[in-house]
$ cat final.csv   # CSV, C-alpha atoms
chain,number,residue,atom,x,y,z
A,93,MET,CA,-31.5,-89.2,28.6
A,94,SER,CA,-35.1,-89.8,27.6
A,95,VAL,CA,-36.1,-89.9,24.0
A,96,THR,CA,-38.3,-87.1,22.7
A,97,PRO,CA,-39.7,-86.3,19.3
A,98,ASP,CA,-37.2,-83.4,19.0
A,99,SER,CA,-34.2,-85.6,19.9
A,100,LEU,CA,-35.2,-88.2,17.3
A,101,ILE,CA,-34.9,-85.4,14.7
A,102,ALA,CA,-31.8,-83.8,16.1
A,103,ASN,CA,-29.9,-87.1,16.3
A,104,ASN,CA,-30.6,-87.9,12.6
A,105,PRO,CA,-28.5,-85.6,10.4
A,106,ARG,CA,-29.9,-87.1,7.2
A,107,ILE,CA,-33.4,-85.7,7.9
A,108,SER,CA,-32.8,-82.9,10.4
A,109,SER,CA,-32.5,-80.2,7.6
A,110,LEU,CA,-34.1,-79.6,4.2
A,111,PRO,CA,-32.1,-80.0,1.0
A,112,GLU,CA,-30.3,-76.9,0.1
A,113,ILE,CA,-32.5,-76.2,-2.9
A,114,PHE,CA,-35.5,-75.5,-0.6
A,115,TYR,CA,-33.5,-72.9,1.4
A,116,LEU,CA,-32.6,-71.2,-1.8
A,117,ILE,CA,-36.2,-71.3,-3.1
A,118,ASN,CA,-37.5,-69.9,0.2
A,119,GLU,CA,-34.8,-67.1,0.2
A,120,VAL,CA,-35.8,-65.9,-3.3
A,121,ILE,CA,-39.6,-66.2,-2.6
A,122,ASN,CA,-39.2,-64.2,0.6
A,123,ASP,CA,-37.3,-61.5,-1.2
A,124,PRO,CA,-39.9,-58.8,-2.1
A,125,ASN,CA,-37.7,-57.6,-5.0
A,126,SER,CA,-37.4,-61.1,-6.7
A,127,SER,CA,-39.2,-61.8,-9.9
A,128,PHE,CA,-40.9,-65.0,-11.3
A,129,GLY,CA,-37.9,-65.4,-13.5
A,130,GLU,CA,-35.5,-65.5,-10.5
A,131,VAL,CA,-37.7,-68.0,-8.6
A,132,ALA,CA,-37.8,-70.1,-11.8
A,133,GLN,CA,-34.0,-69.9,-12.2
A,134,VAL,CA,-33.5,-71.4,-8.7
A,135,ILE,CA,-36.0,-74.2,-9.2
A,136,SER,CA,-34.6,-75.0,-12.7
A,137,SER,CA,-31.2,-75.4,-11.2
A,138,ASP,CA,-32.5,-78.8,-9.9
A,139,THR,CA,-33.2,-80.6,-13.2
A,140,SER,CA,-35.1,-83.5,-11.8
A,141,LEU,CA,-37.2,-81.3,-9.6
A,142,SER,CA,-38.2,-78.9,-12.4
A,143,LEU,CA,-39.0,-81.8,-14.7
A,144,ARG,CA,-41.2,-83.4,-12.1
A,145,LEU,CA,-43.0,-80.2,-11.4
A,146,LEU,CA,-43.7,-79.6,-15.1
A,147,LYS,CA,-45.1,-83.2,-15.4
A,148,ILE,CA,-47.4,-82.5,-12.5
A,149,VAL,CA,-48.7,-79.1,-13.7
A,150,ASN,CA,-49.4,-80.7,-17.1
A,151,SER,CA,-51.4,-83.6,-15.5
A,152,PRO,CA,-55.0,-84.1,-14.4
A,153,PHE,CA,-53.8,-82.8,-11.0
A,154,PHE,CA,-54.4,-79.3,-12.5
A,155,ASN,CA,-56.1,-80.0,-15.7
A,156,PHE,CA,-55.0,-76.8,-17.4
A,157,PRO,CA,-56.3,-76.4,-21.0
A,158,GLN,CA,-52.9,-75.6,-22.4
A,159,LYS,CA,-49.4,-77.1,-22.0
A,160,ILE,CA,-47.1,-75.5,-19.5
A,161,ASP,CA,-43.6,-75.6,-21.0
A,162,THR,CA,-41.5,-73.7,-18.5
A,163,ILE,CA,-41.2,-73.2,-14.8
A,164,THR,CA,-41.7,-69.5,-15.2
A,165,HIS,CA,-45.0,-70.2,-16.9
A,166,ALA,CA,-45.9,-72.6,-14.2
A,167,ILE,CA,-45.2,-70.1,-11.5
A,168,SER,CA,-47.3,-67.4,-13.2
A,169,ILE,CA,-50.3,-69.7,-13.2
A,170,VAL,CA,-49.9,-71.8,-10.1
A,171,GLY,CA,-48.1,-69.2,-7.9
A,172,THR,CA,-44.7,-69.1,-6.2
A,173,GLU,CA,-45.6,-70.4,-2.7
A,174,GLN,CA,-47.9,-73.0,-4.3
A,175,LEU,CA,-45.2,-74.3,-6.5
A,176,ARG,CA,-42.7,-74.3,-3.6
A,177,ASP,CA,-45.1,-76.4,-1.5
A,178,LEU,CA,-45.7,-78.7,-4.4
A,179,ALA,CA,-41.9,-79.1,-4.9
A,180,LEU,CA,-41.4,-80.0,-1.3
A,181,ALA,CA,-44.3,-82.5,-1.3
A,182,THR,CA,-42.9,-84.3,-4.3
A,183,SER,CA,-39.4,-84.5,-2.8
A,184,MET,CA,-40.4,-86.4,0.3
A,185,LEU,CA,-39.7,-89.8,-1.2
A,186,THR,CA,-36.0,-89.0,-1.8
A,187,LYS,CA,-35.6,-87.5,1.7
A,188,PHE,CA,-36.7,-90.7,3.3
A,189,GLN,CA,-34.9,-93.2,1.1
A,190,GLY,CA,-33.0,-95.9,2.9
A,191,ILE,CA,-35.7,-97.3,5.2
A,192,ALA,CA,-35.8,-101.1,4.6
A,193,ASP,CA,-39.0,-102.6,3.2
A,194,ASN,CA,-38.9,-105.3,5.8
A,195,LYS,CA,-39.7,-102.6,8.3
A,196,VAL,CA,-42.3,-100.6,6.4
A,197,ASP,CA,-43.9,-101.3,3.0
A,198,MET,CA,-42.6,-98.0,1.5
A,199,ASN,CA,-44.6,-98.3,-1.7
A,200,SER,CA,-47.9,-98.7,0.2
A,201,PHE,CA,-46.9,-96.0,2.7
A,202,TRP,CA,-46.3,-93.4,0.0
A,203,ARG,CA,-49.4,-94.4,-1.9
A,204,HIS,CA,-51.4,-93.6,1.2
A,205,SER,CA,-49.6,-90.3,1.7
A,206,LEU,CA,-50.2,-89.4,-1.9
A,207,GLY,CA,-53.9,-90.4,-1.7
A,208,CYS,CA,-54.3,-88.3,1.5
A,209,GLY,CA,-52.7,-85.3,-0.1
A,210,ILE,CA,-54.9,-85.5,-3.2
A,211,ALA,CA,-58.1,-86.0,-1.1
A,212,ALA,CA,-57.1,-83.1,1.3
A,213,ARG,CA,-56.4,-80.8,-1.7
A,214,ILE,CA,-59.8,-81.6,-3.3
A,215,LEU,CA,-61.6,-80.9,0.1
A,216,ALA,CA,-59.6,-77.7,0.5
A,217,MET,CA,-60.9,-76.6,-3.0
A,218,GLN,CA,-64.4,-77.4,-1.9
A,219,CYS,CA,-63.8,-75.2,1.2
A,220,ARG,CA,-62.3,-72.4,-1.1
A,221,GLN,CA,-59.1,-72.5,0.9
A,222,PRO,CA,-56.1,-70.4,-0.4
A,223,ASN,CA,-53.0,-72.3,-1.6
A,224,THR,CA,-54.6,-75.8,-1.9
A,225,GLU,CA,-51.1,-77.1,-2.8
A,226,ARG,CA,-50.2,-76.7,0.9
A,227,TYR,CA,-52.9,-79.3,1.6
A,228,PHE,CA,-51.2,-81.7,-0.8
A,229,LEU,CA,-48.0,-81.1,1.1
A,230,MET,CA,-49.8,-81.8,4.4
A,231,GLY,CA,-50.9,-85.1,3.1
A,232,MET,CA,-47.5,-86.1,1.9
A,233,VAL,CA,-45.9,-85.3,5.3
A,234,HIS,CA,-48.6,-86.2,7.7
A,235,ASP,CA,-47.3,-89.7,8.5
A,236,VAL,CA,-43.6,-89.2,8.1
A,237,GLY,CA,-43.2,-89.4,11.9
A,238,ARG,CA,-44.0,-93.1,11.5
A,239,LEU,CA,-41.0,-93.6,9.2
A,240,ILE,CA,-38.8,-91.8,11.7
A,241,LEU,CA,-40.1,-94.1,14.4
A,242,PHE,CA,-39.2,-97.2,12.4
A,243,GLU,CA,-35.8,-95.9,11.6
A,244,ASN,CA,-35.0,-95.0,15.2
A,245,LEU,CA,-37.2,-97.1,17.5
A,246,SER,CA,-38.0,-100.0,15.2
A,247,GLU,CA,-38.8,-102.6,17.9
A,248,LYS,CA,-41.4,-100.5,19.7
A,249,ALA,CA,-42.8,-99.3,16.4
A,250,ALA,CA,-43.2,-102.9,15.2
A,251,LEU,CA,-44.8,-103.8,18.5
A,252,ALA,CA,-47.3,-101.0,18.1
A,253,LEU,CA,-48.1,-102.3,14.6
A,254,ALA,CA,-48.4,-105.9,15.7
A,255,GLU,CA,-50.9,-105.2,18.5
A,256,ASN,CA,-53.9,-104.7,16.2
A,257,GLY,CA,-57.3,-106.2,16.8
A,258,PRO,CA,-60.9,-105.0,17.0
A,259,GLU,CA,-60.5,-104.2,20.7
A,260,THR,CA,-57.2,-102.4,20.3
A,261,PRO,CA,-57.0,-98.6,20.2
A,262,LEU,CA,-55.9,-96.9,17.0
A,263,LEU,CA,-52.3,-97.2,16.0
A,264,VAL,CA,-51.6,-93.6,17.1
A,265,ASP,CA,-52.9,-94.4,20.6
A,266,ARG,CA,-50.8,-97.6,20.8
A,267,GLU,CA,-47.7,-95.6,19.8
A,268,ARG,CA,-48.4,-93.2,22.7
A,269,GLU,CA,-48.9,-96.0,25.2
A,270,LEU,CA,-45.7,-97.9,24.1
A,271,ILE,CA,-43.4,-95.0,23.4
A,272,GLY,CA,-44.7,-92.0,25.2
A,273,PHE,CA,-45.5,-90.0,22.1
A,274,HIS,CA,-46.9,-90.6,18.6
A,275,HIS,CA,-46.0,-90.1,15.0
A,276,GLY,CA,-47.9,-86.9,14.7
A,277,GLU,CA,-45.7,-85.3,17.4
A,278,ILE,CA,-42.6,-86.5,15.6
A,279,GLY,CA,-43.8,-85.1,12.4
A,280,ALA,CA,-44.4,-81.8,14.1
A,281,ALA,CA,-40.8,-81.8,15.5
A,282,LEU,CA,-39.6,-82.4,11.9
A,283,ALA,CA,-41.6,-79.4,10.7
A,284,ARG,CA,-40.0,-77.2,13.4
A,285,ALA,CA,-36.5,-78.4,12.5
A,286,TRP,CA,-37.2,-77.6,8.9
A,287,ASN,CA,-38.6,-74.2,9.9
A,288,LEU,CA,-41.9,-74.8,8.1
A,289,PRO,CA,-44.9,-72.5,8.8
A,290,PRO,CA,-46.7,-73.1,12.1
A,291,ILE,CA,-49.8,-74.3,10.3
A,292,LEU,CA,-47.9,-77.3,9.0
A,293,GLU,CA,-46.5,-78.1,12.4
A,294,LYS,CA,-49.9,-78.1,14.0
A,295,VAL,CA,-51.9,-80.0,11.3
A,296,ILE,CA,-49.3,-82.7,11.3
A,297,GLU,CA,-49.3,-83.0,15.1
A,298,PHE,CA,-53.1,-83.1,15.4
A,299,HIS,CA,-54.2,-84.8,12.2
A,300,HIS,CA,-55.6,-87.7,14.3
A,301,TYR,CA,-57.1,-85.2,16.9
A,302,PRO,CA,-58.4,-82.3,14.9
A,303,ASP,CA,-60.5,-80.9,17.7
A,304,ARG,CA,-57.2,-80.1,19.6
A,305,ALA,CA,-55.7,-77.9,16.9
A,306,ASN,CA,-56.9,-74.6,18.3
A,307,ASP,CA,-55.9,-71.9,15.8
A,308,PHE,CA,-56.0,-74.3,12.8
A,309,LEU,CA,-59.2,-76.3,13.4
A,310,LEU,CA,-60.5,-76.1,9.8
A,311,GLU,CA,-57.1,-76.9,8.2
A,312,THR,CA,-56.5,-79.9,10.5
A,313,SER,CA,-60.1,-81.1,10.0
A,314,ILE,CA,-59.5,-81.0,6.2
A,315,LEU,CA,-56.4,-83.1,6.5
A,316,HIS,CA,-58.1,-85.5,8.9
A,317,PHE,CA,-61.0,-85.9,6.5
A,318,GLY,CA,-58.5,-86.5,3.6
A,319,ASP,CA,-56.7,-89.1,5.6
A,320,LEU,CA,-59.9,-91.0,6.3
A,321,LEU,CA,-61.0,-90.7,2.7
A,322,ALA,CA,-57.7,-92.2,1.5
A,323,LYS,CA,-58.1,-95.1,3.9
A,324,ALA,CA,-61.7,-95.6,2.8
A,325,MET,CA,-60.6,-95.6,-0.8
A,326,GLN,CA,-57.8,-98.1,0.1
A,327,LEU,CA,-55.2,-95.9,-1.5
A,328,GLY,CA,-52.1,-97.5,0.1
A,329,ASN,CA,-51.6,-98.1,3.8
A,330,SER,CA,-49.5,-96.4,6.4
A,331,GLY,CA,-49.9,-99.1,9.0
A,332,ASP,CA,-53.3,-98.6,10.6
A,333,PRO,CA,-56.1,-100.8,9.2
A,334,TYR,CA,-58.9,-99.1,11.0
A,335,ILE,CA,-60.9,-96.1,9.8
A,336,PRO,CA,-62.2,-94.1,12.7
A,337,VAL,CA,-65.7,-92.5,12.6
A,338,LEU,CA,-65.6,-89.0,11.3
A,339,ASN,CA,-67.1,-86.9,14.1
A,340,GLU,CA,-69.9,-84.4,13.6
A,341,ALA,CA,-67.7,-81.4,14.5
A,342,VAL,CA,-65.4,-82.2,11.6
A,343,TRP,CA,-68.3,-82.7,9.2
A,344,ASN,CA,-69.7,-79.3,10.2
A,345,ARG,CA,-66.3,-77.6,10.1
A,346,VAL,CA,-65.4,-78.8,6.7
A,347,GLY,CA,-69.0,-78.2,5.4
A,348,ILE,CA,-69.0,-81.4,3.2
A,349,THR,CA,-72.2,-83.4,3.2
A,350,PRO,CA,-72.5,-87.2,2.4
A,351,GLY,CA,-74.0,-86.0,-0.9
A,352,HIS,CA,-70.7,-84.4,-1.9
A,353,LEU,CA,-68.7,-87.6,-1.4
A,354,PRO,CA,-69.3,-89.4,-4.7
A,355,ALA,CA,-68.0,-86.5,-6.8
A,356,ILE,CA,-65.0,-86.0,-4.5
A,357,TRP,CA,-64.3,-89.7,-4.6
A,358,LYS,CA,-64.5,-89.7,-8.4
A,359,GLN,CA,-62.2,-86.7,-8.7
A,360,ALA,CA,-59.6,-88.2,-6.3
A,361,GLU,CA,-59.6,-91.5,-8.3
A,362,ALA,CA,-59.1,-89.5,-11.6
A,363,GLN,CA,-56.0,-87.8,-10.2
A,364,TYR,CA,-54.5,-90.6,-8.1
A,365,GLU,CA,-53.2,-93.1,-10.7
A,366,ASN,CA,-51.7,-90.3,-12.8
A,367,ALA,CA,-50.0,-88.9,-9.7
A,368,VAL,CA,-48.7,-92.3,-8.7
A,369,ALA,CA,-47.1,-92.6,-12.2
A,370,ILE,CA,-45.4,-89.2,-12.0
A,371,ILE,CA,-44.4,-89.0,-8.4
A,372,LEU,CA,-43.9,-92.6,-7.2
A,373,LEU,CA,-43.0,-94.4,-10.4
A,374,GLY,CA,-41.6,-91.5,-12.6

$ encode --input "final.csv" --output "structure tokens"
Amino acid sequence: MSVTPDSLIANNPRISSLPEIFYLINEVINDPNSSFGEVAQVISSDTSLSLRLLKIVNSPFFNFPQKIDTITHAISIVGTEQLRDLALATSMLTKFQGIADNKVDMNSFWRHSLGCGIAARILAMQCRQPNTERYFLMGMVHDVGRLILFENLSEKAALALAENGPETPLLVDRERELIGFHHGEIGAALARAWNLPPILEKVIEFHHYPDRANDFLLETSILHFGDLLAKAMQLGNSGDPYIPVLNEAVWNRVGITPGHLPAIWKQAEAQYENAVAIILLG
């Protein structure tokens, strides 16, 4: 039987489903009769998750003028779906524990994912997108297909990484040539298995090819832009040393001019180290 992105997920029970806490959070959020207090009660049942979320909402990531002491207060200010997406984004590290560092530099990988999420969130704010926390989640999960590749097809994944040079295609193209599909397609299969919204499935699948995203062109362009910014800022490394040229269509779609970049860069730098301390080291 041939290997497909969906089969890689289905044959890996450890990652094929979300932790139970997120099914409970989704259930209460989707109940029109639920209250902030009920959502907060579910989130607070996971002590480490609730403490991490409170650290984040009290950090420069949000820069609120007053301290947020409870999950209920955080939900009332940030929003239920936004806090849910933030919770899932910050839980990615534990979901993918166990991949040996001799296969992937996990610290550098997650630093890049975090940098991409921060940059995409800032760009989404510039574009006045709703639920900018979803863009942070997009950044945290956009490359997880690469981890699944290394866990299940390590020899081919390592070969794709090894074949780098100025004349070689981007890593995503080498994956497709060697394996038959790329990490974006694997990440999209994971989003389907987790029953995440279609927007997340599509932006993950096409984050290297934003012009192919059809119904989600702007959202995928924002994530693509954030990925390139994180690479340009050298915020970690997910394996590909090259920064592709940002095409004109993406510039026009996102509506960011080169004159905006210094402020965006500075804002991302201000949030990044603090987020590393809370999410990666905390």

$ closest_residue --input "final.csv" --among "A:Gly209, A:Pro290, A:Pro261, A:Gly171" --to "Gly318 in chain A" --atoms "all atoms listed in the file"
A:Gly209

$ residues_around --input "final.csv" --residues "Leu262 in chain A" --least-positions-apart "3" --cutoff "9 Å" --atoms "all atoms listed in the file" --output "PDB file with C-alpha atoms, in the frame of the given file"
ATOM      1  CA  ASN A 256     -53.900-104.700  16.200  1.00  0.00           C
ATOM      2  CA  ASP A 265     -52.900 -94.400  20.600  1.00  0.00           C
ATOM      3  CA  ARG A 266     -50.800 -97.600  20.800  1.00  0.00           C
ATOM      4  CA  GLU A 267     -47.700 -95.600  19.800  1.00  0.00           C
ATOM      5  CA  ASP A 332     -53.300 -98.600  10.600  1.00  0.00           C
ATOM      6  CA  PRO A 333     -56.100-100.800   9.200  1.00  0.00           C
ATOM      7  CA  TYR A 334     -58.900 -99.100  11.000  1.00  0.00           C
ATOM      8  CA  ILE A 335     -60.900 -96.100   9.800  1.00  0.00           C
ATOM      9  CA  PRO A 336     -62.200 -94.100  12.700  1.00  0.00           C
TER      10      PRO A 336
END

$ closest_residue --input "final.csv" --among "A:Arg226, A:Ala252, A:Val337, A:Gln221" --to "Ile291 in chain A" --atoms "only C-alpha atoms"
A:Arg226

$ atom_distance --input "final.csv" --atom1 "CA of Trp286 in chain A" --atom2 "CA of Val196 in chain A"
23.7 Å

$ closest_residue --input "final.csv" --among "A:Leu143, A:Ala281, A:Val295, A:Leu310" --to "Asn344 in chain A" --atoms "only C-alpha atoms"
A:Leu310

$ closest_residue --input "final.csv" --among "A:Phe154, A:Phe317, A:Phe201, A:Phe298" --to "Ile348 in chain A" --atoms "all atoms listed in the file"
A:Phe317

$ closest_residue --input "final.csv" --among "A:Asn155, A:Phe228, A:Ser136, A:Leu116" --to "Ala216 in chain A" --atoms "all atoms listed in the file"
A:Phe228

$ closest_residue --input "final.csv" --among "A:Leu253, A:Ile356, A:Val346, A:Ile240" --to "Gln189 in chain A" --atoms "only C-alpha atoms"
A:Ile240
